[in-house]
>>> print(open('coords-v1.pdb').read())   # PDB, C-alpha atoms and all ligand atoms
ATOM      1  CA  MET A 616       7.931  63.112  11.392  1.00  0.00           C
ATOM      2  CA  ALA A 617       7.868  59.874  13.392  1.00  0.00           C
ATOM      3  CA  MET A 618       7.003  56.672  11.527  1.00  0.00           C
ATOM      4  CA  GLN A 619       3.747  54.949  12.319  1.00  0.00           C
ATOM      5  CA  LEU A 620       3.703  51.196  12.756  1.00  0.00           C
ATOM      6  CA  TYR A 621       0.159  49.820  12.607  1.00  0.00           C
ATOM      7  CA  GLY A 622      -0.377  46.660  14.588  1.00  0.00           C
ATOM      8  CA  THR A 623      -1.141  44.910  17.845  1.00  0.00           C
ATOM      9  CA  TYR A 624       0.813  43.949  20.951  1.00  0.00           C
ATOM     10  CA  THR A 625       0.179  40.262  20.273  1.00  0.00           C
ATOM     11  CA  SER A 626       1.254  39.922  16.626  1.00  0.00           C
ATOM     12  CA  PRO A 627       4.641  38.180  16.249  1.00  0.00           C
ATOM     13  CA  TYR A 628       5.228  39.954  12.900  1.00  0.00           C
ATOM     14  CA  VAL A 629       4.646  43.325  14.558  1.00  0.00           C
ATOM     15  CA  ARG A 630       6.895  42.246  17.428  1.00  0.00           C
ATOM     16  CA  HIS A 631       9.794  41.529  15.085  1.00  0.00           C
ATOM     17  CA  CYS A 632       9.408  45.031  13.588  1.00  0.00           C
ATOM     18  CA  ARG A 633       9.247  46.571  17.076  1.00  0.00           C
ATOM     19  CA  ILE A 634      12.479  44.775  18.041  1.00  0.00           C
ATOM     20  CA  ALA A 635      14.227  46.053  14.892  1.00  0.00           C
ATOM     21  CA  LEU A 636      12.981  49.597  15.545  1.00  0.00           C
ATOM     22  CA  ALA A 637      14.175  49.444  19.168  1.00  0.00           C
ATOM     23  CA  GLU A 638      17.568  48.083  18.054  1.00  0.00           C
ATOM     24  CA  SER A 639      17.981  50.847  15.485  1.00  0.00           C
ATOM     25  CA  GLY A 640      16.866  53.569  17.913  1.00  0.00           C
ATOM     26  CA  GLN A 641      14.403  54.993  15.381  1.00  0.00           C
ATOM     27  CA  HIS A 642      11.425  56.911  16.725  1.00  0.00           C
ATOM     28  CA  TYR A 643       8.018  55.544  15.847  1.00  0.00           C
ATOM     29  CA  GLU A 644       4.477  55.431  17.054  1.00  0.00           C
ATOM     30  CA  LEU A 645       2.589  52.137  17.394  1.00  0.00           C
ATOM     31  CA  VAL A 646      -0.950  52.673  16.138  1.00  0.00           C
ATOM     32  CA  GLN A 647      -3.075  49.906  17.631  1.00  0.00           C
ATOM     33  CA  THR A 648      -5.046  48.355  14.793  1.00  0.00           C
ATOM     34  CA  ASP A 649      -7.615  45.559  14.976  1.00  0.00           C
ATOM     35  CA  TYR A 650      -8.716  43.256  12.119  1.00  0.00           C
ATOM     36  CA  GLU A 651     -11.632  45.482  11.185  1.00  0.00           C
ATOM     37  CA  GLN A 652      -9.372  48.557  10.918  1.00  0.00           C
ATOM     38  CA  SER A 653      -6.626  46.747   9.001  1.00  0.00           C
ATOM     39  CA  ALA A 654      -9.254  45.481   6.521  1.00  0.00           C
ATOM     40  CA  ARG A 655     -10.255  49.095   5.913  1.00  0.00           C
ATOM     41  CA  LEU A 656      -6.779  50.655   5.916  1.00  0.00           C
ATOM     42  CA  ALA A 657      -4.529  48.116   4.164  1.00  0.00           C
ATOM     43  CA  PRO A 658      -4.968  46.095   0.961  1.00  0.00           C
ATOM     44  CA  ALA A 659      -3.463  42.974   2.539  1.00  0.00           C
ATOM     45  CA  ARG A 660      -5.971  43.366   5.419  1.00  0.00           C
ATOM     46  CA  ARG A 661      -3.237  42.430   7.867  1.00  0.00           C
ATOM     47  CA  VAL A 662      -0.859  43.968  10.331  1.00  0.00           C
ATOM     48  CA  PRO A 663       1.820  45.163  10.406  1.00  0.00           C
ATOM     49  CA  PHE A 664       1.928  48.008   7.924  1.00  0.00           C
ATOM     50  CA  LEU A 665       4.170  51.009   8.218  1.00  0.00           C
ATOM     51  CA  LYS A 666       3.784  54.641   7.164  1.00  0.00           C
ATOM     52  CA  ALA A 667       7.070  56.527   6.806  1.00  0.00           C
ATOM     53  CA  GLY A 668       6.466  59.903   5.165  1.00  0.00           C
ATOM     54  CA  ASP A 669       4.906  59.192   1.745  1.00  0.00           C
ATOM     55  CA  ARG A 670       5.930  55.556   1.865  1.00  0.00           C
ATOM     56  CA  VAL A 671       3.566  52.763   2.941  1.00  0.00           C
ATOM     57  CA  LEU A 672       4.992  49.272   3.473  1.00  0.00           C
ATOM     58  CA  ASN A 673       2.581  46.363   3.718  1.00  0.00           C
ATOM     59  CA  ASP A 674       4.487  43.384   5.109  1.00  0.00           C
ATOM     60  CA  SER A 675       6.939  42.738   7.936  1.00  0.00           C
ATOM     61  CA  LEU A 676       9.474  41.611   5.307  1.00  0.00           C
ATOM     62  CA  SER A 677       9.650  44.994   3.531  1.00  0.00           C
ATOM     63  CA  ILE A 678       9.292  46.845   6.843  1.00  0.00           C
ATOM     64  CA  LEU A 679      12.289  45.012   8.317  1.00  0.00           C
ATOM     65  CA  LYS A 680      14.373  45.595   5.187  1.00  0.00           C
ATOM     66  CA  PHE A 681      13.506  49.306   5.403  1.00  0.00           C
ATOM     67  CA  ILE A 682      14.336  49.534   9.126  1.00  0.00           C
ATOM     68  CA  ARG A 683      17.626  47.638   8.837  1.00  0.00           C
ATOM     69  CA  GLU A 684      18.825  49.489   5.743  1.00  0.00           C
ATOM     70  CA  SER A 685      17.824  52.964   6.926  1.00  0.00           C
ATOM     71  CA  ALA A 686      19.903  52.274  10.037  1.00  0.00           C
ATOM     72  CA  GLY A 687      22.896  51.458   7.801  1.00  0.00           C
ATOM     73  CA  GLY A 688      22.665  47.688   8.269  1.00  0.00           C
ATOM     74  CA  ALA A 689      21.736  44.780   6.006  1.00  0.00           C
ATOM     75  CA  PHE A 690      18.670  42.555   6.040  1.00  0.00           C
ATOM     76  CA  LEU A 691      19.196  38.787   5.824  1.00  0.00           C
ATOM     77  CA  PRO A 692      22.613  38.963   4.116  1.00  0.00           C
ATOM     78  CA  ASP A 693      23.498  35.393   5.139  1.00  0.00           C
ATOM     79  CA  VAL A 694      21.866  32.616   3.069  1.00  0.00           C
ATOM     80  CA  ASP A 695      21.522  30.160   5.972  1.00  0.00           C
ATOM     81  CA  ASP A 696      20.008  32.833   8.193  1.00  0.00           C
ATOM     82  CA  CYS A 697      17.628  33.738   5.361  1.00  0.00           C
ATOM     83  CA  ASP A 698      16.556  30.080   5.251  1.00  0.00           C
ATOM     84  CA  LEU A 699      16.066  30.052   9.037  1.00  0.00           C
ATOM     85  CA  PHE A 700      13.868  33.145   8.660  1.00  0.00           C
ATOM     86  CA  ALA A 701      11.882  31.547   5.808  1.00  0.00           C
ATOM     87  CA  LEU A 702      11.341  28.210   7.567  1.00  0.00           C
ATOM     88  CA  SER A 703      10.339  29.872  10.847  1.00  0.00           C
ATOM     89  CA  ASN A 704       8.034  32.200   8.927  1.00  0.00           C
ATOM     90  CA  THR A 705       6.348  29.316   7.108  1.00  0.00           C
ATOM     91  CA  ALA A 706       5.645  27.654  10.460  1.00  0.00           C
ATOM     92  CA  LEU A 707       4.374  30.956  11.854  1.00  0.00           C
ATOM     93  CA  ASP A 708       2.075  31.686   8.871  1.00  0.00           C
ATOM     94  CA  THR A 709       0.696  28.156   9.054  1.00  0.00           C
ATOM     95  CA  ALA A 710       0.198  28.190  12.836  1.00  0.00           C
ATOM     96  CA  ILE A 711      -1.584  31.547  12.665  1.00  0.00           C
ATOM     97  CA  ASN A 712      -3.888  30.345   9.876  1.00  0.00           C
ATOM     98  CA  LEU A 713      -4.799  27.281  11.930  1.00  0.00           C
ATOM     99  CA  PHE A 714      -5.342  29.475  15.017  1.00  0.00           C
ATOM    100  CA  LEU A 715      -7.663  31.874  13.155  1.00  0.00           C
ATOM    101  CA  LEU A 716      -9.551  29.023  11.451  1.00  0.00           C
ATOM    102  CA  GLU A 717     -10.083  27.341  14.820  1.00  0.00           C
ATOM    103  CA  LYS A 718     -11.593  30.562  16.121  1.00  0.00           C
ATOM    104  CA  ASP A 719     -14.151  30.175  13.310  1.00  0.00           C
ATOM    105  CA  GLY A 720     -14.780  26.563  14.337  1.00  0.00           C
ATOM    106  CA  LEU A 721     -12.665  24.929  11.589  1.00  0.00           C
ATOM    107  CA  THR A 722     -10.258  22.292  12.917  1.00  0.00           C
ATOM    108  CA  PRO A 723      -7.818  20.065  10.957  1.00  0.00           C
ATOM    109  CA  GLU A 724      -9.729  16.776  11.534  1.00  0.00           C
ATOM    110  CA  PRO A 725     -12.237  16.952   8.648  1.00  0.00           C
ATOM    111  CA  SER A 726      -9.798  18.435   6.124  1.00  0.00           C
ATOM    112  CA  ASN A 727      -6.783  16.744   4.528  1.00  0.00           C
ATOM    113  CA  TYR A 728      -5.426  20.148   3.618  1.00  0.00           C
ATOM    114  CA  LEU A 729      -5.621  21.479   7.186  1.00  0.00           C
ATOM    115  CA  ALA A 730      -4.167  18.222   8.548  1.00  0.00           C
ATOM    116  CA  ARG A 731      -1.238  18.714   6.163  1.00  0.00           C
ATOM    117  CA  GLN A 732      -0.835  22.258   7.484  1.00  0.00           C
ATOM    118  CA  ALA A 733      -0.707  20.990  11.078  1.00  0.00           C
ATOM    119  CA  GLY A 734       1.851  18.352  10.022  1.00  0.00           C
ATOM    120  CA  ARG A 735       3.938  21.044   8.392  1.00  0.00           C
ATOM    121  CA  VAL A 736       4.268  22.954  11.671  1.00  0.00           C
ATOM    122  CA  GLY A 737       5.349  19.753  13.473  1.00  0.00           C
ATOM    123  CA  ASP A 738       7.943  18.843  10.832  1.00  0.00           C
ATOM    124  CA  ILE A 739       9.387  22.365  10.818  1.00  0.00           C
ATOM    125  CA  LEU A 740       9.657  22.348  14.618  1.00  0.00           C
ATOM    126  CA  ASN A 741      11.583  19.055  14.456  1.00  0.00           C
ATOM    127  CA  ALA A 742      13.924  20.453  11.789  1.00  0.00           C
ATOM    128  CA  LEU A 743      14.450  23.722  13.667  1.00  0.00           C
ATOM    129  CA  ASN A 744      15.138  21.824  16.882  1.00  0.00           C
ATOM    130  CA  GLN A 745      17.941  19.916  15.128  1.00  0.00           C
ATOM    131  CA  ARG A 746      19.282  23.136  13.645  1.00  0.00           C
ATOM    132  CA  ALA A 747      19.204  24.890  17.039  1.00  0.00           C
ATOM    133  CA  ALA A 748      21.515  22.193  18.400  1.00  0.00           C
ATOM    134  CA  THR A 749      24.244  23.308  15.995  1.00  0.00           C
ATOM    135  CA  ARG A 750      23.888  27.075  16.493  1.00  0.00           C
ATOM    136  CA  PRO A 751      26.346  29.071  18.585  1.00  0.00           C
ATOM    137  CA  GLU A 752      25.093  29.886  22.104  1.00  0.00           C
ATOM    138  CA  LYS A 753      24.689  33.634  22.588  1.00  0.00           C
ATOM    139  CA  ASN A 754      22.679  36.211  24.521  1.00  0.00           C
ATOM    140  CA  SER A 755      22.862  39.172  22.141  1.00  0.00           C
ATOM    141  CA  ALA A 756      23.407  40.133  18.474  1.00  0.00           C
ATOM    142  CA  PHE A 757      20.554  37.911  17.378  1.00  0.00           C
ATOM    143  CA  THR A 758      20.049  37.689  13.621  1.00  0.00           C
ATOM    144  CA  ASP A 759      16.728  38.320  11.872  1.00  0.00           C
ATOM    145  CA  GLY A 760      16.403  34.565  11.275  1.00  0.00           C
ATOM    146  CA  GLU A 761      16.796  33.955  15.003  1.00  0.00           C
ATOM    147  CA  LEU A 762      14.425  36.792  15.910  1.00  0.00           C
ATOM    148  CA  ARG A 763      11.741  35.416  13.570  1.00  0.00           C
ATOM    149  CA  LEU A 764      12.158  31.980  15.129  1.00  0.00           C
ATOM    150  CA  GLY A 765      11.902  33.485  18.632  1.00  0.00           C
ATOM    151  CA  CYS A 766       8.829  35.573  17.754  1.00  0.00           C
ATOM    152  CA  PHE A 767       7.153  32.443  16.352  1.00  0.00           C
ATOM    153  CA  LEU A 768       7.950  30.233  19.361  1.00  0.00           C
ATOM    154  CA  ASP A 769       6.980  32.831  21.948  1.00  0.00           C
ATOM    155  CA  TRP A 770       3.694  33.615  20.145  1.00  0.00           C
ATOM    156  CA  ALA A 771       2.847  29.901  19.941  1.00  0.00           C
ATOM    157  CA  LEU A 772       3.531  29.493  23.679  1.00  0.00           C
ATOM    158  CA  PHE A 773       1.532  32.660  24.483  1.00  0.00           C
ATOM    159  CA  ARG A 774      -1.443  31.289  22.515  1.00  0.00           C
ATOM    160  CA  GLU A 775      -0.928  27.831  24.064  1.00  0.00           C
ATOM    161  CA  ARG A 776      -0.367  26.298  20.612  1.00  0.00           C
ATOM    162  CA  LEU A 777       2.957  24.728  21.509  1.00  0.00           C
ATOM    163  CA  ASP A 778       4.663  22.596  24.107  1.00  0.00           C
ATOM    164  CA  LEU A 779       8.460  22.644  23.875  1.00  0.00           C
ATOM    165  CA  SER A 780       8.994  19.636  26.153  1.00  0.00           C
ATOM    166  CA  GLU A 781       9.988  17.507  23.128  1.00  0.00           C
ATOM    167  CA  HIS A 782      12.067  20.269  21.570  1.00  0.00           C
ATOM    168  CA  ALA A 783      14.739  20.840  24.176  1.00  0.00           C
ATOM    169  CA  GLU A 784      17.103  22.735  21.883  1.00  0.00           C
ATOM    170  CA  LEU A 785      14.394  25.201  20.897  1.00  0.00           C
ATOM    171  CA  ALA A 786      13.483  25.639  24.571  1.00  0.00           C
ATOM    172  CA  ARG A 787      17.131  26.400  25.366  1.00  0.00           C
ATOM    173  CA  PHE A 788      17.338  28.857  22.463  1.00  0.00           C
ATOM    174  CA  LEU A 789      14.195  30.663  23.657  1.00  0.00           C
ATOM    175  CA  GLU A 790      15.500  30.861  27.221  1.00  0.00           C
ATOM    176  CA  ARG A 791      18.605  32.668  25.940  1.00  0.00           C
ATOM    177  CA  LEU A 792      16.569  34.999  23.756  1.00  0.00           C
ATOM    178  CA  LYS A 793      14.406  35.810  26.768  1.00  0.00           C
ATOM    179  CA  GLN A 794      17.455  37.422  28.369  1.00  0.00           C
ATOM    180  CA  TYR A 795      17.684  39.933  25.508  1.00  0.00           C
ATOM    181  CA  PRO A 796      16.071  43.243  26.598  1.00  0.00           C
ATOM    182  CA  GLU A 797      14.496  44.153  23.224  1.00  0.00           C
ATOM    183  CA  PHE A 798      12.840  40.724  23.121  1.00  0.00           C
ATOM    184  CA  VAL A 799      11.641  40.929  26.735  1.00  0.00           C
ATOM    185  CA  GLU A 800      10.227  44.448  26.296  1.00  0.00           C
ATOM    186  CA  THR A 801       8.140  43.400  23.289  1.00  0.00           C
ATOM    187  CA  ALA A 802       6.566  40.271  24.831  1.00  0.00           C
ATOM    188  CA  PRO A 803       2.966  39.699  23.718  1.00  0.00           C
ATOM    189  CA  PHE A 804       0.149  40.797  25.995  1.00  0.00           C
ATOM    190  CA  THR A 805      -3.565  41.411  25.764  1.00  0.00           C
ATOM    191  CA  GLY A 806      -4.786  44.639  27.295  1.00  0.00           C
TER     192      GLY A 806
HETATM  193  N1  LIG B   1       3.184  38.194   5.717  1.00  0.00           N
HETATM  194  C1  LIG B   1       2.639  39.124   6.696  1.00  0.00           C
HETATM  195  C2  LIG B   1       1.763  38.338   7.681  1.00  0.00           C
HETATM  196  C3  LIG B   1       1.037  39.273   8.667  1.00  0.00           C
HETATM  197  C4  LIG B   1      -0.123  38.583   9.377  1.00  0.00           C
HETATM  198  O1  LIG B   1      -0.512  37.461   9.065  1.00  0.00           O
HETATM  199  N2  LIG B   1      -0.658  39.301  10.370  1.00  0.00           N
HETATM  200  C5  LIG B   1      -1.803  38.807  11.126  1.00  0.00           C
HETATM  201  C6  LIG B   1      -1.699  39.255  12.590  1.00  0.00           C
HETATM  202  S1  LIG B   1      -0.522  38.352  13.488  1.00  0.00           S
HETATM  203  C7  LIG B   1      -3.081  39.429  10.605  1.00  0.00           C
HETATM  204  O2  LIG B   1      -3.185  40.636  10.527  1.00  0.00           O
HETATM  205  N3  LIG B   1      -4.073  38.582  10.254  1.00  0.00           N
HETATM  206  C8  LIG B   1      -5.356  39.049   9.864  1.00  0.00           C
HETATM  207  C9  LIG B   1      -5.985  38.188   8.808  1.00  0.00           C
HETATM  208  O3  LIG B   1      -5.314  37.244   8.322  1.00  0.00           O
HETATM  209  O4  LIG B   1      -7.121  38.463   8.461  1.00  0.00           O
HETATM  210  C10 LIG B   1       3.789  39.855   7.383  1.00  0.00           C
HETATM  211  O5  LIG B   1       4.884  39.289   7.508  1.00  0.00           O
HETATM  212  O6  LIG B   1       3.613  41.023   7.757  1.00  0.00           O
END
>>> encode(input="coords-v1.pdb", output="structure tokens", more="lines below")
Ligand SMILES: N[C@@H](CCC(=O)N[C@@H](CS)C(=O)NCC(=O)O)C(=O)O
Amino acid sequence: MAMQLYGTYTSPYVRHCRIALAESGQHYELVQTDYEQSARLAPARRVPFLKAGDRVLNDSLSILKFIRESAGGAFLPDVDDCDLFALSNTALDTAINLFLLEKDGLTPEPSNYLARQAGRVGDILNALNQRAATRPEKNSAFTDGELRLGCFLDWALFRERLDLSEHAELARFLERLKQYPEFVETAPFTG
């Protein structure tokens, strides 16, 4: 029976899982799931979650490990790539929290904690920009650290949360990733 990936066409976490599924050639069905449905169907009240037979996985991290390993590969075997994944993911989690809080009318100005969150995204972008300068240039065989970085950057641009004009290396990295078919085919859109 085909796996069911619950999520949206805008979520960067879901996108990363969709890329891994496309790369591994595994059949799956994307079950479109809004916030209200995910709150009812999943304890974490978030997407993605995956149903594969009797197994339910509740986070893109475990879903990616499952997809990579069931296709005979490894998930984040390289320590530096694991750190790239973690740093990109921290920026993504933080940026999404700020985005959702803003939708509820909460902006960083009146809160030291939220201001620190916004500063965290900026500092991580600066660090990742420096790191991107030292990475090999390529158009395929992207690692999971690189894919998480790309899913973060492209989501932030899609939601107009980011301007890469001061992060030239990240802009160059994203341009290369945008030539990769599995990345192009999973670009965020609202229906
Ligand atoms: N750590 C989770 C994060 C997933 C996540 O934050 N998903 C967002 C959509 S992009 C969500 O469902 N947010 C709903 C909420 O926070 O209430 C993962 O990697 O799967």
>>> residues_near_ligand(input="coords-v1.pdb", ligand="ligand LIG 1 (chain B)", cutoff="7 Å", atoms="all atoms listed in the file", output="ChimeraX atom specification")
/A:626-628,650,660-663,673-676,708,711
>>> write_last_selection(input="coords-v1.pdb", atoms="C-alpha atoms", output="short mmCIF file (atom, residue, chain, number, x, y, z; two decimals), keeping the file's coordinate frame")
data_model
loop_
_atom_site.label_atom_id
_atom_site.label_comp_id
_atom_site.auth_asym_id
_atom_site.auth_seq_id
_atom_site.Cartn_x
_atom_site.Cartn_y
_atom_site.Cartn_z
CA SER A 626 1.25 39.92 16.63
CA PRO A 627 4.64 38.18 16.25
CA TYR A 628 5.23 39.95 12.90
CA TYR A 650 -8.72 43.26 12.12
CA ARG A 660 -5.97 43.37 5.42
CA ARG A 661 -3.24 42.43 7.87
CA VAL A 662 -0.86 43.97 10.33
CA PRO A 663 1.82 45.16 10.41
CA ASN A 673 2.58 46.36 3.72
CA ASP A 674 4.49 43.38 5.11
CA SER A 675 6.94 42.74 7.94
CA LEU A 676 9.47 41.61 5.31
CA ASP A 708 2.08 31.69 8.87
CA ILE A 711 -1.58 31.55 12.66
#
>>> resolve_selection(input="coords-v1.pdb", expression="the PyMOL selection byres (((chain A and resi 750) around 12) and not hetatm)", output="list in words")
Asp695, Asp696, Leu699, Leu743, Asn744, Gln745, Arg746, Ala747, Ala748, Thr749, Pro751, Glu752, Lys753, Phe757, Thr758, Gly760, Glu761, Glu784, Leu785, Arg787 and Phe788 of chain A
>>> atom_distance(input="coords-v1.pdb", atom1="atom CA of Phe773 of chain A", atom2="atom CA of Leu636 of chain A")
22.3 Å
>>> closest_residue(input="coords-v1.pdb", among="A:Ala730, A:Leu792, A:Leu762, A:Leu777", to="Arg630 of chain A", atoms="all atoms listed in the file")
A:Leu762
>>> closest_residue(input="coords-v1.pdb", among="A:Thr625, A:Thr722, A:Thr709, A:Asn727", to="Gln647 of chain A", atoms="all atoms listed in the file")
A:Thr625
>>> atom_distance(input="coords-v1.pdb", atom1="atom CA of Leu620 of chain A", atom2="atom CA of Val646 of chain A")
5.9 Å
>>> resolve_selection(input="coords-v1.pdb", expression="the PyMOL selection byres (((chain A and resi 763) around 7) and not hetatm)", output="ChimeraX atom specification")
/A:631,700,703-704,759-762,764-767
>>> resolve_selection(input="coords-v1.pdb", expression="the PyMOL selection byres (((chain A and resi 665) around 10) and not hetatm)", output="PyMOL selection string")
chain A and resi 618-622+629+632+643-646+662-664+666-668+670-675+677-678+681
>>> atom_distance(input="coords-v1.pdb", atom1="atom CA of Asp719 of chain A", atom2="atom CA of Trp770 of chain A")
19.4 Å
>>> closest_residue(input="coords-v1.pdb", among="A:Ala733, A:Glu717, A:Ala637, A:Tyr624", to="Ala802 of chain A", atoms="all atoms listed in the file")
A:Tyr624
>>> closest_residue(input="coords-v1.pdb", among="A:Ser755, A:Ile739, A:Arg776, A:Leu768", to="Leu715 of chain A", atoms="all atoms listed in the file")
A:Arg776
>>> closest_residue(input="coords-v1.pdb", among="A:Gly720, A:Glu638, A:Ala783, A:Tyr795", to="Asn741 of chain A", atoms="all atoms listed in the file")
A:Ala783
>>> closest_residue(input="coords-v1.pdb", among="A:Gln794, A:Phe690, A:Ala742, A:Gln641", to="Leu702 of chain A", atoms="all atoms listed in the file")
A:Ala742
